[in-house]
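Reviewing the structure listed below.
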Amino acid sequence: MSLDPAAHAFAFLSQGSFLKGPAALPGQPAPQPYGVAGLAWDGSTTNRPGARMAPRAIRTASHMLCDGLHPHFGTTPIAQLVDLGDLALPNTSLVAMRAALAEALPALLAARHMVWLGGDHSVTLPILRALKAQQGRPLAVIHFDAHCDTWEDHFGEPSGHGTWVYEAIQEGLVVPECFTQLGIRSAGDRAAREYVRDQGGQIFTARDLRGLESPAQLAGVVGAIRQRIAAAGHPPVYLSLDIDCLDPAFAPGTGTPEPAGMSTAQVMTLLEELADLPFVGMDCVEVSPPYDHAELTAYAAASFVWTYLSGRVAAKG
């Protein structure tokens with residue numbers, strides 16, 4: 001007896017890829033223009049570990065999104081997406097992990113537009129280095145986070161998941177005026193908390209965003225981001241989304257939860273309204289499944305990645 005092929009879209013049939021899309025096989029390059037890969041690393045977390053388990057959880061959560069079109073964009077990335085699995089990375093040395101990632105990135109980026117499932121936020125720095133080399137110019141960055149990630153050291157170590165913004169600006173990987181932070185609210189000294197603004201960038205704290213959720217309410221934020229990118233000559237844009245930008249009510253499964261954060265609706269509105277910017281990649285980091293409840297955090301992460309990819313498909317027409 002044959003089964004209806006449509007039944008394979010059923011959410012609860014076991015399959016390990018994002019959106020149940022095809023998985024890349026060794027020696028068989030896939031033609032799809034978009035790729036997803038997991039970065040199962042949490043060796044730089046400063047509070048609760050577990051982000052190395054995030055790629056699996058995000059993929060599983062994405063299976064609820066595999067049977068229809070995005071409600072805002074009316075598109076789906078499934079036919080244009082391949083899941084490259086999790087990259088084989090060292091799991092105890094930040095230096096070794098970044099070296100291995102740096103070696104793998106050029107070929108991956110040359111083949112397709114990539115979305116990265118982290119992992120802690122220390123993975124973003126080597127991605128920005130590789131993208132700057134590929135694009136031949138510094139990037140604009142849209143950074144969702146509770147934390148500024150602008151510390152000059154990582155509790156006495158030279159680098160970690162809270163230093164990547166400082167390092168990216170110091171290395172000239174980004175256009176400082178086109179670096180936008182959204183959702184910042186954690187404790188910190190003034191020099192770190194205001195570092196991006198002091199370098200010419202802009203910060204919309206969680207307090208600034210309170211009560212703003214609809215497209216009309218967030219139009220000023222969206223307009224400010226667009227204006228800076230246009231004034232800089234439309235540099236390529238990278239999206240780095242730390243799931244702890246969300247209030248713990250929406251994302252309890254993260255390493256360093258901070259109350260009074262953004263809502264899933266706020267983040268979704270911003271992703272939808274900014275979808276036509278010249279993005280060259282995205283990461284979604286700091287999901288920690290051991291601390292999640294009812295998979296709320298994993299579902300939010302999967303929906304954000306799905307929305308980003310659906311927006312790319314819509315923007316490309």
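Within each chain, counting starts at residue 1; across the structure tokens, chains are named A, B, ... in the order shown, with ligands numbered 1 upward in that order.
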Test item, alpha helix (DSSP H) assignment across stretch 146-279 of chain A, answer as a PyMOL selection string: chain A and resi 164-170+190-193+195-198+206-209+219-231+264-273
Distance query A:Leu296 at most 10 Å, only C-alpha atoms, self and fewer than 5 positions along chain excluded, as a PyMOL selection string: chain A and resi 61+248-253+289+301
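For the pair atom CA of A:Thr297 and atom CA of A:Ser159, the separation is 26.4 Å.
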Applying 9 Å and only C-alpha atoms, which residues near A:Glu167 remain after dropping the ones on its own chain fewer than 6 positions away? List them as a short mmCIF file (atom, residue, chain, number, x, y, z; two decimals) with C-alpha atoms, in the first residue's frame.
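Contents of part.cif, as written:
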data_model
loop_
_atom_site.label_atom_id
_atom_site.label_comp_id
_atom_site.auth_asym_id
_atom_site.auth_seq_id
_atom_site.Cartn_x
_atom_site.Cartn_y
_atom_site.Cartn_z
CA LEU A 125 32.54 37.27 15.02
CA THR A 150 30.68 45.29 23.90
CA TRP A 151 32.93 44.19 26.75
CA GLU A 152 36.65 44.50 26.09
CA SER A 159 37.23 37.04 23.82
CA LEU A 173 34.18 44.56 10.11
#
Taking 5 positions as the minimum chain separation for residues in the same chain, which residues sit within 8 Å of stretch 262-272 of chain A when counting only C-alpha atoms? Answer as number ranges by chain. A: 72, 183, 206, 209-210, 212-215, 218, 222, 245-247, 250, 300, 304, 307-308, 311
Just to be explicit: take each residue in the selection above, keep all heavy atoms, and write the result as a short mmCIF file (atom, residue, chain, number, x, y, z; two decimals), in the first residue's frame.
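For reference, result_7.cif as written:
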data_model
loop_
_atom_site.label_atom_id
_atom_site.label_comp_id
_atom_site.auth_asym_id
_atom_site.auth_seq_id
_atom_site.Cartn_x
_atom_site.Cartn_y
_atom_site.Cartn_z
N HIS A 72 2.40 36.58 6.32
CA HIS A 72 2.61 37.97 5.89
C HIS A 72 3.16 38.03 4.46
O HIS A 72 2.67 38.79 3.63
CB HIS A 72 3.56 38.69 6.83
CG HIS A 72 3.90 40.09 6.41
ND1 HIS A 72 2.96 41.11 6.38
CD2 HIS A 72 5.06 40.65 5.97
CE1 HIS A 72 3.52 42.23 5.96
NE2 HIS A 72 4.79 41.98 5.70
N GLY A 183 16.61 46.12 21.98
CA GLY A 183 16.23 45.32 23.13
C GLY A 183 17.19 45.35 24.29
O GLY A 183 16.98 44.65 25.30
N ALA A 206 15.21 48.18 25.40
CA ALA A 206 13.91 47.58 25.64
C ALA A 206 12.93 48.60 26.20
O ALA A 206 11.74 48.58 25.87
CB ALA A 206 14.05 46.40 26.60
N LEU A 209 11.42 50.67 23.52
CA LEU A 209 10.48 49.94 22.67
C LEU A 209 9.19 49.55 23.38
O LEU A 209 8.29 48.99 22.74
CB LEU A 209 11.16 48.68 22.13
CG LEU A 209 12.38 48.92 21.23
CD1 LEU A 209 13.10 47.61 20.95
CD2 LEU A 209 11.98 49.60 19.93
N ARG A 210 9.09 49.83 24.67
CA ARG A 210 7.88 49.44 25.40
C ARG A 210 6.64 50.08 24.78
O ARG A 210 6.60 51.27 24.49
CB ARG A 210 7.98 49.86 26.86
CG ARG A 210 8.96 49.03 27.68
CD ARG A 210 9.01 49.52 29.11
NE ARG A 210 10.16 48.94 29.80
CZ ARG A 210 10.56 49.32 31.02
NH1 ARG A 210 9.91 50.28 31.66
NH2 ARG A 210 11.60 48.74 31.58
N LEU A 212 5.45 49.58 21.85
CA LEU A 212 5.53 49.67 20.39
C LEU A 212 5.52 48.26 19.82
O LEU A 212 6.46 47.50 20.06
CB LEU A 212 6.79 50.41 19.95
CG LEU A 212 7.05 51.77 20.59
CD1 LEU A 212 8.35 52.36 20.07
CD2 LEU A 212 5.89 52.72 20.32
N GLU A 213 4.50 47.92 19.07
CA GLU A 213 4.41 46.54 18.59
C GLU A 213 3.94 46.43 17.15
O GLU A 213 4.43 45.59 16.40
CB GLU A 213 3.46 45.75 19.51
CG GLU A 213 3.50 44.26 19.30
CD GLU A 213 2.80 43.51 20.42
OE1 GLU A 213 3.46 43.25 21.45
OE2 GLU A 213 1.60 43.20 20.27
N SER A 214 3.02 47.28 16.73
CA SER A 214 2.47 47.19 15.38
C SER A 214 3.40 47.86 14.38
O SER A 214 4.30 48.64 14.76
CB SER A 214 1.10 47.88 15.33
OG SER A 214 1.26 49.29 15.45
N PRO A 215 3.21 47.62 13.08
CA PRO A 215 4.01 48.32 12.07
C PRO A 215 3.95 49.83 12.21
O PRO A 215 4.97 50.53 12.07
CB PRO A 215 3.41 47.84 10.76
CG PRO A 215 2.90 46.47 11.07
CD PRO A 215 2.37 46.56 12.47
N LEU A 218 6.04 50.98 15.23
CA LEU A 218 7.48 50.78 15.06
C LEU A 218 8.03 51.46 13.82
O LEU A 218 9.21 51.28 13.48
CB LEU A 218 7.79 49.28 15.01
CG LEU A 218 7.69 48.55 16.37
CD1 LEU A 218 7.65 47.05 16.19
CD2 LEU A 218 8.85 48.95 17.29
N VAL A 222 11.97 51.53 12.37
CA VAL A 222 12.28 51.01 11.04
C VAL A 222 12.85 52.11 10.15
O VAL A 222 13.85 51.91 9.44
CB VAL A 222 11.02 50.39 10.41
CG1 VAL A 222 11.26 50.03 8.94
CG2 VAL A 222 10.59 49.16 11.18
N CYS A 245 16.88 38.66 23.59
CA CYS A 245 16.21 39.95 23.39
C CYS A 245 14.77 39.87 23.87
O CYS A 245 14.19 40.88 24.29
CB CYS A 245 16.27 40.38 21.92
SG CYS A 245 15.24 39.43 20.78
N LEU A 246 14.19 38.67 23.81
CA LEU A 246 12.82 38.47 24.26
C LEU A 246 12.75 38.44 25.78
O LEU A 246 13.68 37.98 26.46
CB LEU A 246 12.27 37.15 23.72
CG LEU A 246 12.10 37.02 22.21
CD1 LEU A 246 11.63 35.62 21.85
CD2 LEU A 246 11.12 38.07 21.68
N ASP A 247 11.65 38.91 26.30
CA ASP A 247 11.38 38.75 27.73
C ASP A 247 11.34 37.25 28.07
O ASP A 247 10.89 36.45 27.25
CB ASP A 247 10.03 39.41 28.05
CG ASP A 247 9.77 39.47 29.54
OD1 ASP A 247 9.30 38.45 30.09
OD2 ASP A 247 10.03 40.52 30.15
N PHE A 250 8.49 35.03 27.09
CA PHE A 250 8.40 34.51 25.72
C PHE A 250 9.54 33.55 25.40
O PHE A 250 9.42 32.75 24.48
CB PHE A 250 8.43 35.68 24.73
CG PHE A 250 7.31 36.66 24.91
CD1 PHE A 250 7.49 37.81 25.64
CD2 PHE A 250 6.07 36.41 24.35
CE1 PHE A 250 6.46 38.73 25.79
CE2 PHE A 250 5.02 37.31 24.51
CZ PHE A 250 5.22 38.47 25.25
N ALA A 300 9.84 30.18 19.05
CA ALA A 300 10.10 31.57 18.67
C ALA A 300 11.29 31.65 17.71
O ALA A 300 11.23 32.33 16.68
CB ALA A 300 10.35 32.42 19.91
N PHE A 304 11.25 32.96 13.83
CA PHE A 304 12.05 34.10 13.37
C PHE A 304 12.89 33.73 12.16
O PHE A 304 12.99 34.49 11.20
CB PHE A 304 12.94 34.61 14.50
CG PHE A 304 12.20 35.21 15.66
CD1 PHE A 304 12.77 35.25 16.94
CD2 PHE A 304 10.93 35.75 15.52
CE1 PHE A 304 12.10 35.81 18.01
CE2 PHE A 304 10.25 36.31 16.59
CZ PHE A 304 10.84 36.34 17.84
N THR A 307 10.60 33.36 9.19
CA THR A 307 10.18 34.67 8.70
C THR A 307 11.29 35.35 7.93
O THR A 307 11.05 35.95 6.87
CB THR A 307 9.74 35.54 9.89
OG1 THR A 307 8.57 34.96 10.48
CG2 THR A 307 9.43 36.98 9.47
N TYR A 308 12.53 35.28 8.44
CA TYR A 308 13.66 35.86 7.71
C TYR A 308 13.78 35.24 6.32
O TYR A 308 13.90 35.95 5.32
CB TYR A 308 14.95 35.65 8.51
CG TYR A 308 16.19 36.06 7.75
CD1 TYR A 308 16.62 37.38 7.72
CD2 TYR A 308 16.94 35.11 7.05
CE1 TYR A 308 17.75 37.76 7.01
CE2 TYR A 308 18.08 35.48 6.35
CZ TYR A 308 18.48 36.79 6.34
OH TYR A 308 19.61 37.16 5.63
N GLY A 311 10.95 36.18 4.05
CA GLY A 311 11.16 37.55 3.60
C GLY A 311 12.19 37.66 2.50
O GLY A 311 12.05 38.48 1.57
#
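Relative to atom CA of A:Ala315, atom CA of A:Ala219 is found at 19.1 Å.
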Excluding stretch 239-242 of chain A and its own-chain neighbours fewer than 3 positions away, which residues fall within 7 Å of it when counting only C-alpha atoms? Please give them as number ranges by chain. A: 141-145, 245, 281-286
Write out as a PyMOL selection string the residues lying within 9 Å of stretch 129-137 of chain A, counting only C-alpha atoms and excluding same-chain residues fewer than 4 positions away. chain A and resi 102+105-106+109-110+124-125+168+171+173-175+235-236+238+280-281
Keeping N, CA and C atoms, export the residues of the selection given above as a compact mmCIF listing (two decimals), in the first residue's frame.
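part-v2.txt written:
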# COMPACT_ATOMS: atom_id res chain seq x y z
N ALA A 102 36.17 29.41 10.63
CA ALA A 102 36.75 30.29 9.61
C ALA A 102 37.19 29.50 8.38
N LEU A 105 33.87 28.52 6.41
CA LEU A 105 32.93 29.56 5.98
C LEU A 105 33.05 29.98 4.51
N PRO A 106 34.25 30.21 3.96
CA PRO A 106 34.29 30.73 2.58
C PRO A 106 33.53 29.90 1.57
N LEU A 109 29.67 30.18 2.24
CA LEU A 109 29.12 31.48 1.86
C LEU A 109 29.14 31.68 0.35
N ALA A 110 30.12 31.11 -0.31
CA ALA A 110 30.18 31.23 -1.77
C ALA A 110 29.05 30.45 -2.44
N THR A 124 29.36 34.67 16.13
CA THR A 124 29.07 35.73 15.15
C THR A 124 30.32 36.40 14.63
N LEU A 125 31.34 36.55 15.45
CA LEU A 125 32.54 37.27 15.02
C LEU A 125 33.20 36.63 13.81
N ALA A 168 34.21 43.42 16.60
CA ALA A 168 33.82 43.69 15.21
C ALA A 168 34.04 45.15 14.84
N GLU A 171 37.85 45.87 14.67
CA GLU A 171 38.48 45.26 13.49
C GLU A 171 38.00 45.87 12.18
N LEU A 173 35.04 45.49 10.83
CA LEU A 173 34.18 44.56 10.11
C LEU A 173 32.82 45.15 9.77
N VAL A 174 32.45 46.21 10.49
CA VAL A 174 31.11 46.77 10.36
C VAL A 174 31.21 48.27 10.14
N VAL A 175 30.12 48.84 9.62
CA VAL A 175 29.98 50.28 9.51
C VAL A 175 29.38 50.76 10.83
N PRO A 235 25.13 49.39 2.40
CA PRO A 235 26.05 48.27 2.59
C PRO A 235 25.27 46.98 2.82
N PRO A 236 25.91 45.83 2.60
CA PRO A 236 25.25 44.57 2.93
C PRO A 236 24.92 44.52 4.42
N TYR A 238 23.77 42.36 7.92
CA TYR A 238 23.76 41.08 8.63
C TYR A 238 22.83 41.20 9.82
N VAL A 280 22.64 39.72 3.89
CA VAL A 280 23.57 38.70 3.37
C VAL A 280 23.68 37.52 4.32
N GLY A 281 22.90 37.50 5.40
CA GLY A 281 22.94 36.37 6.30
C GLY A 281 22.34 36.70 7.65
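You can rank A:Gly220, A:Pro158, A:Pro257, A:Pro278 by their closest distance to A:Asp244 using only C-alpha atoms, and at the top of that list sits A:Pro257.
Residue nearest A:Ile184 within the list A:Gln170, A:Thr205, A:Gln199, A:Gln217: A:Thr205 [criterion: smallest interatomic distance, only C-alpha atoms].
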Hey, what's within 9 Å of A:Arg197 if we count only C-alpha atoms and toss same-chain stuff fewer than 2 positions away? As number ranges by chain, please? A: 176-177, 179-180, 193-195, 199-203
Tell me, which residues of stretch 52-225 of chain A carry DSSP strand (DSSP E), written as a PyMOL selection string? chain A and resi 81-86+113-118+139-144+174-184+202-205
Output file for the selection above: N, CA, C and O atoms, as a compact mmCIF listing (two decimals), in the first residue's frame:
# COMPACT_ATOMS: atom_id res chain seq x y z
N LEU A 81 15.64 25.84 -0.09
CA LEU A 81 16.43 25.71 1.14
C LEU A 81 17.04 24.32 1.27
O LEU A 81 16.39 23.32 0.97
N VAL A 82 18.28 24.29 1.73
CA VAL A 82 18.92 23.02 2.05
C VAL A 82 19.50 23.12 3.45
O VAL A 82 20.00 24.17 3.86
N ASP A 83 19.38 22.03 4.20
CA ASP A 83 19.93 21.97 5.55
C ASP A 83 21.28 21.25 5.49
O ASP A 83 21.36 20.09 5.09
N LEU A 84 22.33 21.96 5.89
CA LEU A 84 23.68 21.42 5.82
C LEU A 84 24.08 20.69 7.08
O LEU A 84 25.25 20.29 7.23
N GLY A 85 23.15 20.52 8.01
CA GLY A 85 23.47 19.83 9.26
C GLY A 85 24.26 20.73 10.19
O GLY A 85 24.33 21.94 10.02
N ASP A 86 24.85 20.13 11.21
CA ASP A 86 25.68 20.86 12.15
C ASP A 86 27.15 20.75 11.72
O ASP A 86 27.62 19.66 11.37
N HIS A 113 23.23 31.72 0.38
CA HIS A 113 22.89 32.65 1.46
C HIS A 113 22.62 31.81 2.72
O HIS A 113 21.71 30.98 2.73
N MET A 114 23.39 32.05 3.79
CA MET A 114 23.37 31.16 4.94
C MET A 114 22.65 31.77 6.14
O MET A 114 22.77 32.95 6.43
N VAL A 115 21.94 30.89 6.86
CA VAL A 115 21.39 31.19 8.18
C VAL A 115 21.98 30.20 9.16
O VAL A 115 22.02 28.99 8.90
N TRP A 116 22.45 30.73 10.29
CA TRP A 116 23.17 29.92 11.27
C TRP A 116 22.33 29.73 12.52
O TRP A 116 21.82 30.71 13.09
N LEU A 117 22.20 28.47 12.95
CA LEU A 117 21.49 28.16 14.18
C LEU A 117 22.53 27.92 15.26
O LEU A 117 23.23 26.91 15.25
N GLY A 118 22.68 28.92 16.19
CA GLY A 118 23.64 28.77 17.27
C GLY A 118 23.05 27.95 18.38
O GLY A 118 21.86 27.61 18.36
N LEU A 139 30.09 45.66 6.96
CA LEU A 139 28.68 45.35 6.95
C LEU A 139 27.88 46.29 7.85
O LEU A 139 28.40 46.80 8.85
N ALA A 140 26.62 46.48 7.53
CA ALA A 140 25.65 46.99 8.48
C ALA A 140 25.16 45.80 9.31
O ALA A 140 25.09 44.68 8.80
N VAL A 141 24.86 46.04 10.57
CA VAL A 141 24.40 44.96 11.44
C VAL A 141 23.15 45.40 12.19
O VAL A 141 23.10 46.51 12.74
N ILE A 142 22.16 44.53 12.21
CA ILE A 142 20.98 44.69 13.06
C ILE A 142 21.07 43.62 14.13
O ILE A 142 21.07 42.42 13.83
N HIS A 143 21.16 44.07 15.37
CA HIS A 143 21.52 43.20 16.49
C HIS A 143 20.42 43.24 17.55
O HIS A 143 20.25 44.23 18.24
N PHE A 144 19.67 42.15 17.65
CA PHE A 144 18.67 41.99 18.71
C PHE A 144 19.33 41.31 19.90
O PHE A 144 19.92 40.24 19.77
N VAL A 174 32.45 46.21 10.49
CA VAL A 174 31.11 46.77 10.36
C VAL A 174 31.21 48.27 10.14
O VAL A 174 32.23 48.91 10.42
N VAL A 175 30.12 48.84 9.62
CA VAL A 175 29.98 50.28 9.51
C VAL A 175 29.38 50.76 10.83
O VAL A 175 28.21 50.47 11.11
N PRO A 176 30.14 51.45 11.68
CA PRO A 176 29.61 51.80 13.00
C PRO A 176 28.29 52.55 12.96
O PRO A 176 27.39 52.30 13.77
N GLU A 177 28.14 53.47 12.00
CA GLU A 177 26.91 54.24 11.90
C GLU A 177 25.71 53.39 11.52
O GLU A 177 24.56 53.79 11.71
N CYS A 178 25.98 52.21 10.96
CA CYS A 178 24.91 51.30 10.54
C CYS A 178 24.80 50.10 11.46
O CYS A 178 24.29 49.04 11.07
N PHE A 179 25.29 50.25 12.68
CA PHE A 179 25.15 49.19 13.68
C PHE A 179 23.99 49.58 14.59
O PHE A 179 24.04 50.59 15.27
N THR A 180 22.93 48.76 14.58
CA THR A 180 21.73 49.05 15.36
C THR A 180 21.51 47.94 16.37
O THR A 180 21.49 46.75 16.01
N GLN A 181 21.34 48.32 17.63
CA GLN A 181 21.02 47.36 18.69
C GLN A 181 19.58 47.57 19.14
O GLN A 181 19.11 48.70 19.31
N LEU A 182 18.87 46.46 19.36
CA LEU A 182 17.46 46.48 19.73
C LEU A 182 17.23 45.58 20.94
O LEU A 182 17.63 44.41 20.92
N GLY A 183 16.61 46.12 21.98
CA GLY A 183 16.23 45.32 23.13
C GLY A 183 17.19 45.35 24.29
O GLY A 183 16.98 44.65 25.30
N ILE A 184 18.24 46.16 24.22
CA ILE A 184 19.28 46.19 25.26
C ILE A 184 18.67 46.62 26.60
O ILE A 184 17.93 47.59 26.67
N GLN A 202 23.38 53.26 16.66
CA GLN A 202 22.15 53.60 17.36
C GLN A 202 21.67 52.43 18.20
O GLN A 202 21.88 51.26 17.86
N ILE A 203 21.03 52.76 19.32
CA ILE A 203 20.54 51.77 20.27
C ILE A 203 19.08 52.09 20.57
O ILE A 203 18.74 53.21 20.93
N PHE A 204 18.23 51.08 20.44
CA PHE A 204 16.86 51.16 20.90
C PHE A 204 16.73 50.17 22.06
O PHE A 204 16.68 48.96 21.86
N THR A 205 16.75 50.69 23.28
CA THR A 205 16.70 49.83 24.45
C THR A 205 15.31 49.19 24.55
O THR A 205 14.34 49.63 23.91
Considering only C-alpha atoms, can you say which of A:Leu69, A:Val287, A:Met97, A:Ala314 comes closest to A:Thr254? A:Val287
So, with only C-alpha atoms as the atoms that count, which of A:Asp42, A:Asp120, A:Asp67, A:Glu258 lies closest to A:Asn91? A:Asp42
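Among A:Arg207, A:Ser303, A:Ser288, A:Pro138, the residue with the shortest atom-to-atom distance to A:Val237, counting only C-alpha atoms, is A:Pro138.
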